[in-house]
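Raw contents of input-v6.cif, mmCIF, C-alpha atoms:
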data_my_file
loop_
_atom_site.label_atom_id
_atom_site.label_comp_id
_atom_site.auth_asym_id
_atom_site.auth_seq_id
_atom_site.Cartn_x
_atom_site.Cartn_y
_atom_site.Cartn_z
CA MET A 1 -22.92 76.63 -44.78
CA PHE A 2 -23.23 74.66 -41.54
CA VAL A 3 -24.22 71.48 -43.41
CA VAL A 4 -21.08 71.59 -45.57
CA HIS A 5 -18.90 71.99 -42.46
CA GLN A 6 -20.73 69.16 -40.71
CA CYS A 7 -20.26 66.84 -43.71
CA SER A 8 -16.59 67.71 -43.73
CA MET A 9 -16.28 66.83 -40.02
CA ASP A 10 -18.22 63.61 -40.57
CA THR A 11 -15.87 62.71 -43.41
CA LYS A 12 -12.86 63.28 -41.19
CA TRP A 13 -14.36 61.17 -38.39
CA ALA A 14 -15.26 58.43 -40.89
CA TYR A 15 -11.70 58.49 -42.21
CA LEU A 16 -10.28 58.21 -38.69
CA LEU A 17 -12.56 55.28 -37.81
CA SER A 18 -11.65 53.43 -41.01
CA ARG A 19 -7.93 54.16 -40.57
CA LEU A 20 -8.00 52.90 -36.98
CA ALA A 21 -9.96 49.77 -37.94
CA ILE A 22 -7.57 48.67 -40.67
CA GLY A 23 -4.54 49.74 -38.63
CA LEU A 24 -5.68 47.68 -35.65
CA SER A 25 -6.20 44.67 -37.90
CA PHE A 26 -2.63 44.76 -39.19
CA PHE A 27 -1.19 45.71 -35.79
CA GLY A 28 -3.08 42.88 -34.08
CA HIS A 29 -2.05 40.31 -36.68
CA GLY A 30 1.59 41.19 -36.14
CA LEU A 31 1.37 41.58 -32.36
CA VAL A 32 -0.03 38.12 -31.67
CA ARG A 33 2.53 36.45 -33.94
CA LEU A 34 5.65 38.18 -32.62
CA PRO A 35 5.94 36.20 -29.36
CA LYS A 36 5.59 32.90 -31.24
CA LEU A 37 7.65 33.50 -34.39
CA ALA A 38 9.10 29.99 -34.59
CA GLY A 39 5.69 28.37 -34.16
CA PHE A 40 4.12 30.70 -36.71
CA SER A 41 6.92 29.97 -39.17
CA HIS A 42 6.50 26.22 -38.68
CA TRP A 43 2.74 26.55 -39.24
CA MET A 44 3.26 28.60 -42.41
CA VAL A 45 5.79 26.13 -43.82
CA GLY A 46 3.23 23.39 -43.25
CA GLN A 47 0.51 25.40 -45.00
CA PHE A 48 2.71 25.88 -48.08
CA SER A 49 4.23 22.40 -48.16
CA LYS A 50 2.19 21.42 -51.22
CA SER A 51 2.56 24.75 -53.04
CA TYR A 52 5.04 25.72 -55.73
CA LEU A 53 6.91 28.01 -53.35
CA PRO A 54 10.15 26.59 -51.97
CA GLU A 55 10.67 26.49 -48.22
CA THR A 56 13.70 28.76 -48.69
CA LEU A 57 11.25 31.58 -49.55
CA ILE A 58 8.53 30.69 -47.06
CA VAL A 59 10.73 30.62 -43.95
CA PRO A 60 12.17 34.15 -44.28
CA PHE A 61 8.76 35.52 -45.28
CA SER A 62 7.15 33.90 -42.24
CA TYR A 63 9.64 35.65 -39.95
CA ILE A 64 9.37 39.04 -41.69
CA LEU A 65 5.56 39.07 -42.01
CA PRO A 66 4.67 39.65 -38.33
CA PHE A 67 7.14 42.55 -38.08
CA ALA A 68 5.83 44.08 -41.32
CA GLU A 69 2.20 43.74 -40.17
CA PHE A 70 3.03 45.22 -36.77
CA ILE A 71 4.94 48.19 -38.25
CA ALA A 72 2.36 48.91 -40.97
CA GLY A 73 -0.45 48.72 -38.41
CA LEU A 74 1.33 51.05 -35.99
CA MET A 75 2.03 53.59 -38.74
CA ILE A 76 -1.61 53.52 -39.83
CA ILE A 77 -2.98 53.75 -36.27
CA LEU A 78 -0.78 56.72 -35.40
CA GLY A 79 -1.23 58.36 -38.77
CA LEU A 80 2.55 58.57 -39.00
CA PHE A 81 3.73 58.38 -42.62
CA THR A 82 0.19 57.24 -43.33
CA ARG A 83 0.62 56.92 -47.10
CA GLN A 84 3.70 54.71 -46.69
CA GLY A 85 1.97 52.63 -44.01
CA LEU A 86 -1.05 52.08 -46.26
CA LEU A 87 1.19 51.14 -49.17
CA LEU A 88 3.21 48.74 -46.99
CA ALA A 89 -0.03 47.14 -45.80
CA GLY A 90 -1.14 46.91 -49.44
CA VAL A 91 2.04 45.13 -50.50
CA ILE A 92 1.69 42.74 -47.54
CA SER A 93 -1.92 42.07 -48.55
CA LEU A 94 -1.00 41.39 -52.18
CA MET A 95 1.66 38.88 -51.10
CA LEU A 96 -0.83 37.18 -48.79
CA ILE A 97 -3.42 37.04 -51.58
CA PHE A 98 -0.87 35.42 -53.88
CA GLY A 99 0.00 32.85 -51.23
CA THR A 100 -3.65 32.22 -50.43
CA THR A 101 -4.42 31.45 -54.06
CA LEU A 102 -1.40 29.13 -54.36
CA ILE A 103 -2.64 26.97 -51.49
CA GLU A 104 -6.29 27.36 -52.57
CA ASN A 105 -7.40 28.77 -49.21
CA TRP A 106 -10.47 30.38 -50.72
CA GLU A 107 -12.05 31.01 -47.31
CA ALA A 108 -9.31 33.53 -46.41
CA LEU A 109 -9.45 35.40 -49.72
CA PRO A 110 -12.55 37.58 -49.06
CA SER A 111 -11.03 38.98 -45.87
CA GLN A 112 -7.80 39.82 -47.67
CA LEU A 113 -9.70 41.50 -50.52
CA ILE A 114 -11.69 43.56 -48.01
CA HIS A 115 -8.38 44.69 -46.46
CA VAL A 116 -7.16 45.83 -49.90
CA ALA A 117 -10.45 47.66 -50.52
CA PHE A 118 -10.13 49.50 -47.19
CA LEU A 119 -6.52 50.42 -47.94
CA SER A 120 -7.44 51.66 -51.41
CA VAL A 121 -10.25 53.87 -50.13
CA LEU A 122 -7.99 55.28 -47.40
CA LEU A 123 -5.36 56.12 -50.00
CA VAL A 124 -7.91 57.89 -52.21
CA TYR A 125 -9.29 59.91 -49.28
CA LEU A 126 -5.91 60.62 -47.68
CA PRO A 127 -6.58 64.41 -47.69
CA HIS A 128 -9.23 63.72 -44.99
CA ASN A 129 -6.55 62.29 -42.67
CA SER A 130 -6.74 65.24 -40.28
CA CYS A 131 -6.41 63.51 -36.91
CA ALA A 132 -2.92 62.11 -37.44
CA VAL A 133 0.69 62.60 -36.43
CA ASP A 134 1.33 63.50 -40.08
CA GLN A 135 -0.69 66.71 -39.52
CA ILE A 136 1.42 67.66 -36.48
CA ILE A 137 4.64 67.12 -38.45
CA LYS A 138 3.33 69.24 -41.36
CA LYS A 139 2.91 72.29 -39.13
#
Would you write the structure of this file as structure tokens?
Amino acid sequence: MFVVHQCSMDTKWAYLLSRLAIGLSFFGHGLVRLPKLAGFSHWMVGQFSKSYLPETLIVPFSYILPFAEFIAGLMIILGLFTRQGLLLAGVISLMLIFGTTLIENWEALPSQLIHVAFLSVLLVYLPHNSCAVDQIIKK
């Protein structure tokens, strides 16, 4: 009986560590870009200058992306509306993967795919999300 309980606790700790890791990644990506939005936008426009995407799509996306990353990361870190935060991070990741393939930045693709894998596993194991604001709200 003790072993089953211990495995359960280990699963919950593993979930928390994974949730915090992916949350910090998104949070950090957004946080460092927020103070330099114009510079980040200019950089992104330059990156996509030879892609099929028009600048009229890239510019708004480049200004929204840091806020979306920051918010998704914060939600995941806190465990507040965790499912929605994971799904938001997933949508962000899918858009980044699409952009990465359009500009043939194959070096960035593995990292983005790893993010999606983490998010997918966290969604599947969401019932183990015990150390979260979501659990306080449920009560």
Item to complete: Measuring atom to atom with all atoms listed in the file, identify which of A:Ser25, A:Thr56, A:Ser62, A:Ser93 is nearest to Phe40 (chain A).
Response: A:Ser62
Worksheet entry | For Ile58 (chain A), the nearest of the candidates A:Cys131, A:Val91, A:Leu74, A:Val45, counting only C-alpha atoms |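 Nearest to Ile58 (chain A): A:Val45.
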Worksheet item: Nearest to Tyr52 (chain A): which of A:Phe98, A:Trp106, A:Tyr125, A:Phe26 is it, counting all atoms listed in the file?
Response: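 The answer is A:Phe98, which sits nearest to Tyr52 (chain A).
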Discussion item. I need the residue nearest Ser111 (chain A) from this list: A:Leu78, A:Ala72, A:Val59, A:Ile22. Use all atoms listed in the file for the distance.
Written reply: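 Of all the options, A:Ile22 lies closest to Ser111 (chain A).
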Item to complete: List the residues selected by the PyMOL selection byres ((chain A and resi 129) around 7) in the file shown, writing them as a ChimeraX atom specification.
Response: /A:12,15-16,126-128,130-132
Discussion item. Using all atoms listed in the file for the distances, tell me which of A:Arg83, A:His29, A:Arg19, A:Lys50 is nearest to Phe67 (chain A).
Written reply: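 Among the listed residues, the smallest separation from Phe67 (chain A) belongs to A:His29.
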Worksheet item: So what do you get for CA of Gly30 (chain A) versus CA of Leu65 (chain A), distance-wise?
Response: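 Atom-to-atom, CA of Gly30 (chain A) to CA of Leu65 (chain A), that is 7.4 Å.
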Discussion item. Running the PyMOL selection byres ((chain A and resi 117) around 12) on this model by hand, what would come out? Give it as a list in words.
Written reply: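 Checking the PyMOL selection byres ((chain A and resi 117) around 12) against this file, the residues are Ser18, Ile22, Leu86, Ala89, Gly90, Ser93, Leu94, Pro110, Ser111, Gln112, Leu113, Ile114, His115, Val116, Phe118, Leu119, Ser120, Val121, Leu122, Leu123 and Val124 of chain A.
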Just the selected residues (C-alpha atoms), exported as a compact mmCIF listing (two decimals), keeping the file's coordinate frame, please.
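Result written to result_25.txt:
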# COMPACT_ATOMS: atom_id res chain seq x y z
CA SER A 18 -11.65 53.43 -41.01
CA ILE A 22 -7.57 48.67 -40.67
CA LEU A 86 -1.05 52.08 -46.26
CA ALA A 89 -0.03 47.14 -45.80
CA GLY A 90 -1.14 46.91 -49.44
CA SER A 93 -1.92 42.07 -48.55
CA LEU A 94 -1.00 41.39 -52.18
CA PRO A 110 -12.55 37.58 -49.06
CA SER A 111 -11.03 38.98 -45.87
CA GLN A 112 -7.80 39.82 -47.67
CA LEU A 113 -9.70 41.50 -50.52
CA ILE A 114 -11.69 43.56 -48.01
CA HIS A 115 -8.38 44.69 -46.46
CA VAL A 116 -7.16 45.83 -49.90
CA PHE A 118 -10.13 49.50 -47.19
CA LEU A 119 -6.52 50.42 -47.94
CA SER A 120 -7.44 51.66 -51.41
CA VAL A 121 -10.25 53.87 -50.13
CA LEU A 122 -7.99 55.28 -47.40
CA LEU A 123 -5.36 56.12 -50.00
CA VAL A 124 -7.91 57.89 -52.21
Item to complete: In Å, rounded to a single decimal, give me how far CA of Leu20 (chain A) is from CA of Ile77 (chain A).
Response: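 It comes out at 5.1 Å.
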Worksheet entry | Atomic distance CA of Leu31 (chain A) - CA of Glu69 (chain A), expressed in Å with one decimal | 8.1 Å
Worksheet item: So, counting only C-alpha atoms, which residue among A:Tyr63, A:Phe81, A:Phe27, A:Trp43 is closest to Lys138 (chain A)?
Response: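 Closest to Lys138 (chain A), using only C-alpha atoms: A:Phe81.
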Practice prompt. Please return, as a PyMOL selection string, all polymer residues that have at least one atom within 12 Å of the point (-3.2, 21.8, -57.2); use all atoms listed in the file and the file's own coordinate frame.
Written response: chain A and resi 48-52+101-105
